[in-house]
Amino acid sequence: MNTTIRNQALEKQLSDALKSIARRQDIKEYIDQDPLMNRLLRKAADRYVTGEHRSQALITAKQLESEGYAVSLEYIGENTDNAAACEQAVEELTALIDEAGKASGSTRVSFDLSHIGLLLDTNVTLQYLLKLARQAEPRGVELFISMEESAKTDRILSVYTQAVKQYPEHIGITLQAHLHRTPEDVTSRLPVGAHVRIVKGAYQEQESIALPRSEELDTRYMKLVEDVLQQGCRVSVATHDEVLIDQLLAKAQISEAEGYLEYELLYGIRPELSRRLLDHGYPVRIYLTYGHEWYLYLCHRIAEYPPNLFQAVVDMVSEDQPDFVQQYVAEGITTSPQ
Ligand code: FDA
């Protein structure tokens, strides 16, 4: 049997298993209550999550900004299905916007609309978003809406298009290249000058709805970046796919899009790639997360790239407390390219 095919099949199984583990409330409760498990998994999560409190995210943000990176900040949470928890998330985001605004001029605050009420009431979510935008505008903070499963895309775009009319410079939207509908959404739903993050897409979708990882997806991704730039939008190219990034860099339209295009990568993933881009003079934004839901976030990062499981095991048993920010510093690169 072909080894590569066998490994891909195994990785797919591992990825699916991790995604279902991430959804299991009983496993999450067990980990919350078991001090040893909690401590071990926290050590693995530390690579990707700055901490449980916003102050830890803001410290990391400051360190990265002093190196020349811009940052995004996310208070982790999604699919919140009770009103009090949504309200608490809005309060946390309000405090985050306030403190991030004082600390920096290039901060973006990202969140899932399902963290602030989308499962309960779309209109309440819109009001929360407008409230956050009122807070963000005078502080020079940009809000960015993440994109979730395709069953929510219409509702998310509807809330976005209503809110962005009032705050065109302060609300951005994430679009998933894997969805078949996205090229049409780009032409019909984006206002001129919109701020757009393009990702491949993290959720498992039916083939009738989305492309799997493939050359076809990469080609669509590149076309979307070009189309969005053509429409006068500002684009965050949010991928860790170095081959794709190099293909984009080879295109004149991309290399000449100064001021309109940046590269955005998740904290802890491919830090050497972020550093390389920055060293070549490209604008790079690092996406930082914090909060109590770090376990869910860790599962997602391993599921999307199962070889990260090896790294997680190493991190769990390591006696050291590595300084992950150091990987973003010019002389401090400690990881090898994957
Ligand atoms: P892809 O999965 O195609 O893999 C290509 C290569 O990239 C791999 O071979 C490996 O070298 C590297 N790589 C990818 N993931 C890695 C990992 N975890 N660890 C190490 N290496 C890795 N999705 C979504 O649906 N909605 C959203 O709102 C967002 N938001 C978002 C913001 C930002 C800033 C980023 C970077 C990503 C998202 N995503 C997202 C996630 C996105 O859709 C996608 O699932 C992941 O980025 C993985 O896809 P890539 O394009 O990075 O690489």
# chains A, B, ... in the order shown; residues from 1 in each chain; ligands from 1
$ residues_around --residues "range 160-173 of chain A" --least-positions-apart "5" --cutoff "8 Å" --atoms "only C-alpha atoms" --output "MDAnalysis selection string"
chainID A and resid 126 129:130 133 136:137 140:147 189:190 193:197
$ write_last_selection --atoms "N, CA, C and O atoms" --output "CSV table (one decimal), in the first residue's frame"
chain,number,residue,atom,x,y,z
A,126,LEU,N,-27.0,41.9,16.1
A,126,LEU,CA,-26.8,43.2,15.3
A,126,LEU,C,-26.6,44.3,16.3
A,126,LEU,O,-25.7,45.1,16.2
A,129,LEU,N,-23.3,44.0,18.0
A,129,LEU,CA,-22.2,44.4,17.1
A,129,LEU,C,-22.1,45.9,17.0
A,129,LEU,O,-21.0,46.5,17.0
A,130,LEU,N,-23.3,46.6,16.8
A,130,LEU,CA,-23.2,48.0,16.7
A,130,LEU,C,-22.7,48.7,18.0
A,130,LEU,O,-22.0,49.7,17.9
A,133,ALA,N,-19.1,48.4,17.9
A,133,ALA,CA,-18.5,49.2,16.9
A,133,ALA,C,-18.4,50.7,17.4
A,133,ALA,O,-17.5,51.4,17.1
A,136,ALA,N,-15.5,50.8,19.4
A,136,ALA,CA,-14.2,50.6,18.7
A,136,ALA,C,-13.8,51.8,17.9
A,136,ALA,O,-12.6,52.2,17.8
A,137,GLU,N,-14.8,52.5,17.2
A,137,GLU,CA,-14.5,53.6,16.3
A,137,GLU,C,-13.6,54.7,16.9
A,137,GLU,O,-12.5,54.9,16.3
A,140,GLY,N,-9.9,53.6,17.5
A,140,GLY,CA,-9.1,53.2,16.3
A,140,GLY,C,-9.0,51.6,16.3
A,140,GLY,O,-8.0,51.1,15.7
A,141,VAL,N,-9.9,50.9,16.9
A,141,VAL,CA,-9.9,49.5,16.8
A,141,VAL,C,-10.8,49.0,15.7
A,141,VAL,O,-11.9,49.5,15.5
A,142,GLU,N,-10.3,48.0,15.0
A,142,GLU,CA,-11.2,47.4,13.9
A,142,GLU,C,-11.8,46.1,14.4
A,142,GLU,O,-11.1,45.3,15.0
A,143,LEU,N,-13.1,45.9,14.2
A,143,LEU,CA,-13.7,44.7,14.5
A,143,LEU,C,-13.7,43.8,13.3
A,143,LEU,O,-14.0,44.2,12.2
A,144,PHE,N,-13.5,42.5,13.5
A,144,PHE,CA,-13.5,41.6,12.4
A,144,PHE,C,-14.4,40.4,12.7
A,144,PHE,O,-14.2,39.7,13.8
A,145,ILE,N,-15.4,40.1,11.9
A,145,ILE,CA,-16.3,39.0,12.1
A,145,ILE,C,-15.7,37.7,11.5
A,145,ILE,O,-15.3,37.7,10.3
A,146,SER,N,-15.7,36.7,12.3
A,146,SER,CA,-15.2,35.4,11.8
A,146,SER,C,-16.3,34.7,11.0
A,146,SER,O,-17.5,35.1,11.1
A,147,MET,N,-16.0,33.7,10.2
A,147,MET,CA,-17.0,33.0,9.4
A,147,MET,C,-17.2,31.6,10.0
A,147,MET,O,-16.2,30.9,10.3
A,189,ARG,N,-22.3,41.0,-2.0
A,189,ARG,CA,-22.5,41.4,-0.6
A,189,ARG,C,-21.4,42.4,0.0
A,189,ARG,O,-21.6,42.9,1.0
A,190,LEU,N,-20.3,42.5,-0.8
A,190,LEU,CA,-19.2,43.4,-0.2
A,190,LEU,C,-19.4,44.8,-0.7
A,190,LEU,O,-19.5,45.1,-1.9
A,193,GLY,N,-14.5,49.0,-0.9
A,193,GLY,CA,-13.6,49.4,0.2
A,193,GLY,C,-13.7,48.5,1.4
A,193,GLY,O,-13.1,48.8,2.4
A,194,ALA,N,-14.5,47.4,1.3
A,194,ALA,CA,-14.7,46.5,2.5
A,194,ALA,C,-13.3,46.0,2.9
A,194,ALA,O,-12.4,45.9,2.2
A,195,HIS,N,-13.3,45.6,4.2
A,195,HIS,CA,-12.1,45.0,4.8
A,195,HIS,C,-12.4,43.5,4.9
A,195,HIS,O,-13.4,43.1,5.6
A,196,VAL,N,-11.6,42.7,4.2
A,196,VAL,CA,-12.0,41.2,4.0
A,196,VAL,C,-10.8,40.4,4.4
A,196,VAL,O,-9.7,40.6,4.0
A,197,ARG,N,-11.1,39.3,5.2
A,197,ARG,CA,-10.1,38.3,5.5
A,197,ARG,C,-10.5,37.1,4.6
A,197,ARG,O,-11.6,36.6,4.7
$ residues_around --residues "Tyr295 in chain A" --least-positions-apart "6" --cutoff "9 Å" --atoms "only C-alpha atoms" --output "ChimeraX atom specification"
/A:22,28,31,38,41-42,45
$ write_last_selection --atoms "N, CA and C atoms" --output "compact mmCIF listing (two decimals), in the first residue's frame"
# COMPACT_ATOMS: atom_id res chain seq x y z
N ALA A 22 -13.57 17.38 20.52
CA ALA A 22 -13.74 18.81 20.87
C ALA A 22 -15.19 19.14 21.18
N LYS A 28 -14.88 17.51 28.03
CA LYS A 28 -14.45 18.85 28.44
C LYS A 28 -14.59 19.03 29.96
N ILE A 31 -11.86 17.16 31.76
CA ILE A 31 -10.57 17.87 31.70
C ILE A 31 -10.58 19.08 32.63
N ASN A 38 -5.73 18.71 33.11
CA ASN A 38 -5.87 20.14 32.82
C ASN A 38 -4.49 20.77 32.63
N LEU A 41 -2.73 19.43 29.31
CA LEU A 41 -3.30 19.98 28.06
C LEU A 41 -3.08 21.49 27.96
N ARG A 42 -3.09 22.16 29.11
CA ARG A 42 -2.80 23.60 29.11
C ARG A 42 -1.41 23.86 28.55
N ALA A 45 -1.63 23.69 24.96
CA ALA A 45 -2.38 24.84 24.41
C ALA A 45 -1.55 26.13 24.45
$ closest_residue --among "A:Gln230, A:Ser72, A:Asn79, A:Ser15" --to "ligand 1" --atoms "only C-alpha atoms and all ligand atoms"
A:Ser72
$ residues_around --residues "Ala312 in chain A" --least-positions-apart "3" --cutoff "6 Å" --atoms "only C-alpha atoms" --output "VMD selection string"
chain A and resid 44 309 315
$ residues_near_ligand --ligand "ligand 1" --cutoff "9 Å" --atoms "only C-alpha atoms and all ligand atoms" --output "JSON, numbers by chain"
{"A": [72, 110, 111, 112, 144, 145, 146, 147, 148, 149, 173, 174, 175, 176, 177, 178, 197, 198, 199, 200, 201, 202, 203, 213, 214, 217, 218, 236, 237, 238, 239, 240, 241, 242, 243, 244, 263, 264, 265, 266, 267, 268, 269, 270, 285, 286, 287, 288, 300, 301, 302, 303, 304, 305, 306, 307, 308, 337, 338]}
$ select_by_dssp --residues "range 26-99 of chain A" --states "strand (DSSP E)" --output "ChimeraX atom specification"
/A:70-75
$ write_last_selection --atoms "C-alpha atoms" --output "short mmCIF file (atom, residue, chain, number, x, y, z; two decimals), in the first residue's frame"
data_model
loop_
_atom_site.label_atom_id
_atom_site.label_comp_id
_atom_site.auth_asym_id
_atom_site.auth_seq_id
_atom_site.Cartn_x
_atom_site.Cartn_y
_atom_site.Cartn_z
CA ALA A 70 0.23 43.95 13.66
CA VAL A 71 -2.13 41.82 15.77
CA SER A 72 -5.66 40.50 15.94
CA LEU A 73 -7.13 39.56 19.31
CA GLU A 74 -9.82 36.97 19.93
CA TYR A 75 -11.59 36.11 23.16
#
$ residues_around --residues "Val329 in chain A" --least-positions-apart "4" --cutoff "10 Å" --atoms "only C-alpha atoms" --output "PDB file with all heavy atoms, in the first residue's frame"
ATOM      1  N   GLN A  63       4.537  42.696  22.691  1.00  0.00           N
ATOM      2  CA  GLN A  63       5.840  42.143  22.311  1.00  0.00           C
ATOM      3  C   GLN A  63       5.930  41.987  20.784  1.00  0.00           C
ATOM      4  O   GLN A  63       6.936  42.331  20.179  1.00  0.00           O
ATOM      5  CB  GLN A  63       6.047  40.771  22.967  1.00  0.00           C
ATOM      6  CG  GLN A  63       6.254  40.864  24.475  1.00  0.00           C
ATOM      7  CD  GLN A  63       6.230  39.476  25.123  1.00  0.00           C
ATOM      8  OE1 GLN A  63       5.343  38.663  24.863  1.00  0.00           O
ATOM      9  NE2 GLN A  63       7.209  39.199  25.951  1.00  0.00           N
ATOM     10  N   LEU A  64       4.851  41.488  20.188  1.00  0.00           N
ATOM     11  CA  LEU A  64       4.874  41.267  18.741  1.00  0.00           C
ATOM     12  C   LEU A  64       4.867  42.600  17.985  1.00  0.00           C
ATOM     13  O   LEU A  64       5.554  42.749  16.971  1.00  0.00           O
ATOM     14  CB  LEU A  64       3.673  40.404  18.314  1.00  0.00           C
ATOM     15  CG  LEU A  64       3.742  38.943  18.774  1.00  0.00           C
ATOM     16  CD1 LEU A  64       2.432  38.223  18.495  1.00  0.00           C
ATOM     17  CD2 LEU A  64       4.886  38.214  18.066  1.00  0.00           C
ATOM     18  N   SER A  66       6.173  45.293  18.948  1.00  0.00           N
ATOM     19  CA  SER A  66       7.506  45.910  19.012  1.00  0.00           C
ATOM     20  C   SER A  66       8.456  45.280  17.988  1.00  0.00           C
ATOM     21  O   SER A  66       9.452  45.858  17.607  1.00  0.00           O
ATOM     22  CB  SER A  66       8.088  45.825  20.422  1.00  0.00           C
ATOM     23  OG  SER A  66       8.443  44.493  20.692  1.00  0.00           O
ATOM     24  N   GLU A  67       8.103  44.084  17.500  1.00  0.00           N
ATOM     25  CA  GLU A  67       8.891  43.439  16.444  1.00  0.00           C
ATOM     26  C   GLU A  67       8.458  43.876  15.040  1.00  0.00           C
ATOM     27  O   GLU A  67       9.067  43.494  14.051  1.00  0.00           O
ATOM     28  CB  GLU A  67       8.727  41.915  16.531  1.00  0.00           C
ATOM     29  CG  GLU A  67       9.585  41.249  17.561  1.00  0.00           C
ATOM     30  CD  GLU A  67      11.080  41.395  17.274  1.00  0.00           C
ATOM     31  OE1 GLU A  67      11.497  41.083  16.151  1.00  0.00           O
ATOM     32  OE2 GLU A  67      11.812  41.830  18.171  1.00  0.00           O
ATOM     33  N   GLY A  68       7.337  44.589  14.963  1.00  0.00           N
ATOM     34  CA  GLY A  68       6.877  45.057  13.651  1.00  0.00           C
ATOM     35  C   GLY A  68       5.628  44.367  13.127  1.00  0.00           C
ATOM     36  O   GLY A  68       5.174  44.642  12.017  1.00  0.00           O
ATOM     37  N   PRO A 271       5.560  30.110  12.812  1.00  0.00           N
ATOM     38  CA  PRO A 271       6.149  31.416  13.149  1.00  0.00           C
ATOM     39  C   PRO A 271       7.304  31.801  12.227  1.00  0.00           C
ATOM     40  O   PRO A 271       7.506  32.977  11.941  1.00  0.00           O
ATOM     41  CB  PRO A 271       6.628  31.243  14.600  1.00  0.00           C
ATOM     42  CG  PRO A 271       6.608  29.788  14.864  1.00  0.00           C
ATOM     43  CD  PRO A 271       5.622  29.172  13.945  1.00  0.00           C
ATOM     44  N   GLU A 272       8.027  30.769  11.731  1.00  0.00           N
ATOM     45  CA  GLU A 272       9.170  31.086  10.858  1.00  0.00           C
ATOM     46  C   GLU A 272       8.687  31.666   9.524  1.00  0.00           C
ATOM     47  O   GLU A 272       9.385  32.458   8.900  1.00  0.00           O
ATOM     48  CB  GLU A 272      10.059  29.844  10.664  1.00  0.00           C
ATOM     49  CG  GLU A 272       9.596  28.806   9.655  1.00  0.00           C
ATOM     50  CD  GLU A 272       8.309  28.067  10.030  1.00  0.00           C
ATOM     51  OE1 GLU A 272       7.900  28.096  11.209  1.00  0.00           O
ATOM     52  OE2 GLU A 272       7.715  27.461   9.138  1.00  0.00           O
ATOM     53  N   ARG A 275       7.868  35.293  10.191  1.00  0.00           N
ATOM     54  CA  ARG A 275       9.128  36.050  10.294  1.00  0.00           C
ATOM     55  C   ARG A 275       9.720  36.299   8.908  1.00  0.00           C
ATOM     56  O   ARG A 275      10.190  37.386   8.592  1.00  0.00           O
ATOM     57  CB  ARG A 275      10.092  35.243  11.163  1.00  0.00           C
ATOM     58  CG  ARG A 275      11.367  35.931  11.522  1.00  0.00           C
ATOM     59  CD  ARG A 275      11.153  37.092  12.461  1.00  0.00           C
ATOM     60  NE  ARG A 275      11.697  38.319  11.911  1.00  0.00           N
ATOM     61  CZ  ARG A 275      11.640  39.507  12.526  1.00  0.00           C
ATOM     62  NH1 ARG A 275      11.043  39.645  13.682  1.00  0.00           N
ATOM     63  NH2 ARG A 275      12.151  40.567  11.973  1.00  0.00           N
ATOM     64  N   PHE A 324       7.243  31.254  23.603  1.00  0.00           N
ATOM     65  CA  PHE A 324       6.783  31.085  22.225  1.00  0.00           C
ATOM     66  C   PHE A 324       6.917  32.374  21.405  1.00  0.00           C
ATOM     67  O   PHE A 324       7.093  32.322  20.190  1.00  0.00           O
ATOM     68  CB  PHE A 324       5.345  30.549  22.202  1.00  0.00           C
ATOM     69  CG  PHE A 324       5.250  29.151  22.753  1.00  0.00           C
ATOM     70  CD1 PHE A 324       4.582  28.900  23.940  1.00  0.00           C
ATOM     71  CD2 PHE A 324       5.856  28.098  22.106  1.00  0.00           C
ATOM     72  CE1 PHE A 324       4.529  27.613  24.466  1.00  0.00           C
ATOM     73  CE2 PHE A 324       5.807  26.808  22.612  1.00  0.00           C
ATOM     74  CZ  PHE A 324       5.133  26.565  23.805  1.00  0.00           C
ATOM     75  N   VAL A 325       6.848  33.512  22.079  1.00  0.00           N
ATOM     76  CA  VAL A 325       6.979  34.777  21.350  1.00  0.00           C
ATOM     77  C   VAL A 325       8.358  34.877  20.704  1.00  0.00           C
ATOM     78  O   VAL A 325       8.521  35.448  19.621  1.00  0.00           O
ATOM     79  CB  VAL A 325       6.740  35.979  22.292  1.00  0.00           C
ATOM     80  CG1 VAL A 325       6.970  37.293  21.578  1.00  0.00           C
ATOM     81  CG2 VAL A 325       5.327  35.935  22.849  1.00  0.00           C
ATOM     82  N   ILE A 333      14.505  32.193  16.204  1.00  0.00           N
ATOM     83  CA  ILE A 333      13.698  31.130  15.611  1.00  0.00           C
ATOM     84  C   ILE A 333      14.179  29.765  16.087  1.00  0.00           C
ATOM     85  O   ILE A 333      15.329  29.407  15.942  1.00  0.00           O
ATOM     86  CB  ILE A 333      13.740  31.209  14.080  1.00  0.00           C
ATOM     87  CG1 ILE A 333      13.129  32.549  13.652  1.00  0.00           C
ATOM     88  CG2 ILE A 333      13.001  30.060  13.443  1.00  0.00           C
ATOM     89  CD1 ILE A 333      13.317  32.865  12.198  1.00  0.00           C
ATOM     90  N   THR A 334      13.251  29.023  16.685  1.00  0.00           N
ATOM     91  CA  THR A 334      13.646  27.727  17.240  1.00  0.00           C
ATOM     92  C   THR A 334      12.940  26.554  16.557  1.00  0.00           C
ATOM     93  O   THR A 334      13.296  25.416  16.761  1.00  0.00           O
ATOM     94  CB  THR A 334      13.313  27.664  18.744  1.00  0.00           C
ATOM     95  OG1 THR A 334      11.933  27.996  18.893  1.00  0.00           O
ATOM     96  CG2 THR A 334      14.150  28.620  19.554  1.00  0.00           C
TER      97      THR A 334
END
$ select_by_dssp --residues "range 48-228 of chain A" --states "alpha helix (DSSP H)" --output "CSV table (one decimal) with C-alpha atoms, in the first residue's frame"
chain,number,residue,atom,x,y,z
A,54,ARG,CA,-6.9,39.4,28.3
A,55,SER,CA,-3.9,40.9,30.0
A,56,GLN,CA,-1.8,38.0,28.8
A,57,ALA,CA,-3.0,38.5,25.2
A,58,LEU,CA,-2.2,42.2,25.5
A,59,ILE,CA,1.3,41.5,26.8
A,60,THR,CA,2.0,39.2,23.8
A,61,ALA,CA,0.4,41.8,21.5
A,62,LYS,CA,2.8,44.4,22.7
A,63,GLN,CA,5.8,42.1,22.3
A,64,LEU,CA,4.9,41.3,18.7
A,65,GLU,CA,4.1,44.9,17.8
A,66,SER,CA,7.5,45.9,19.0
A,67,GLU,CA,8.9,43.4,16.4
A,83,ALA,CA,-28.4,35.1,26.9
A,84,ALA,CA,-26.3,35.7,30.1
A,85,ALA,CA,-23.2,34.1,28.6
A,86,CYS,CA,-23.6,36.2,25.4
A,87,GLU,CA,-23.9,39.4,27.5
A,88,GLN,CA,-20.7,38.3,29.4
A,89,ALA,CA,-18.9,37.9,26.1
A,90,VAL,CA,-20.0,41.4,25.0
A,91,GLU,CA,-18.7,42.8,28.3
A,92,GLU,CA,-15.4,41.1,27.8
A,93,LEU,CA,-15.1,42.3,24.2
A,94,THR,CA,-16.0,45.9,25.4
A,95,ALA,CA,-13.1,45.8,27.9
A,96,LEU,CA,-10.8,44.3,25.3
A,97,ILE,CA,-11.6,47.0,22.8
A,98,ASP,CA,-11.0,49.6,25.4
A,99,GLU,CA,-7.6,48.3,26.6
A,100,ALA,CA,-6.4,47.3,23.1
A,101,GLY,CA,-7.3,50.8,21.9
A,102,LYS,CA,-5.2,52.4,24.6
A,103,ALA,CA,-2.3,50.0,23.9
A,122,THR,CA,-30.1,37.9,14.9
A,123,ASN,CA,-31.4,41.3,15.8
A,124,VAL,CA,-29.9,41.2,19.3
A,125,THR,CA,-26.6,40.2,17.7
A,126,LEU,CA,-26.8,43.2,15.3
A,127,GLN,CA,-27.4,45.5,18.3
A,128,TYR,CA,-24.4,44.0,20.2
A,129,LEU,CA,-22.2,44.4,17.1
A,130,LEU,CA,-23.2,48.0,16.7
A,131,LYS,CA,-22.6,48.6,20.4
A,132,LEU,CA,-19.1,47.2,20.0
A,133,ALA,CA,-18.5,49.2,16.9
A,134,ARG,CA,-19.5,52.4,18.7
A,135,GLN,CA,-16.9,51.5,21.3
A,136,ALA,CA,-14.2,50.6,18.7
A,150,SER,CA,-22.3,27.3,6.1
A,151,ALA,CA,-25.7,27.0,7.9
A,152,LYS,CA,-24.9,30.3,9.4
A,153,THR,CA,-23.4,32.2,6.4
A,154,ASP,CA,-26.5,34.0,5.4
A,155,ARG,CA,-27.3,35.2,8.9
A,156,ILE,CA,-23.6,36.3,9.4
A,157,LEU,CA,-23.6,38.2,6.1
A,158,SER,CA,-26.9,39.8,6.8
A,159,VAL,CA,-25.7,41.1,10.2
A,160,TYR,CA,-22.4,42.3,8.6
A,161,THR,CA,-24.0,44.1,5.7
A,162,GLN,CA,-26.4,46.0,8.0
A,163,ALA,CA,-23.6,47.0,10.5
A,164,VAL,CA,-20.9,47.8,8.0
A,165,LYS,CA,-23.1,50.6,6.4
A,166,GLN,CA,-22.7,52.5,9.6
A,182,THR,CA,-18.2,32.9,-1.9
A,183,PRO,CA,-17.3,34.3,-5.4
A,184,GLU,CA,-20.9,35.4,-5.7
A,185,ASP,CA,-20.9,36.9,-2.1
A,186,VAL,CA,-17.8,38.9,-3.1
A,187,THR,CA,-19.6,40.6,-6.0
A,188,SER,CA,-23.1,40.9,-4.3
A,189,ARG,CA,-22.5,41.4,-0.6
A,215,GLU,CA,-5.4,22.6,-6.2
A,216,GLU,CA,-8.8,23.8,-7.3
A,217,LEU,CA,-9.4,25.4,-3.9
A,218,ASP,CA,-6.0,27.1,-4.1
A,219,THR,CA,-6.8,28.4,-7.5
A,220,ARG,CA,-10.1,29.8,-6.3
A,221,TYR,CA,-8.4,31.3,-3.3
A,222,MET,CA,-6.0,33.2,-5.5
A,223,LYS,CA,-8.8,34.4,-7.8
A,224,LEU,CA,-10.8,35.6,-4.8
A,225,VAL,CA,-7.8,37.6,-3.5
A,226,GLU,CA,-7.4,39.2,-7.0
A,227,ASP,CA,-11.2,39.9,-7.3
A,228,VAL,CA,-11.5,41.4,-3.9
$ closest_residue --among "A:Asp121, A:Gln327, A:Thr107, A:Tyr69" --to "Tyr282 in chain A" --atoms "only C-alpha atoms"
A:Tyr69
$ atom_distance --atom1 "CA of Gly291 in chain A" --atom2 "CA of Gly51 in chain A"
6.4 Å
$ atom_distance --atom1 "CA of Thr289 in chain A" --atom2 "CA of Tyr48 in chain A"
7.5 Å
$ atom_distance --atom1 "CA of Leu120 in chain A" --atom2 "CA of Asp81 in chain A"
6.5 Å
$ closest_residue --among "A:Val284, A:Val314, A:Leu296, A:Ala330" --to "Glu78 in chain A" --atoms "only C-alpha atoms"
A:Leu296
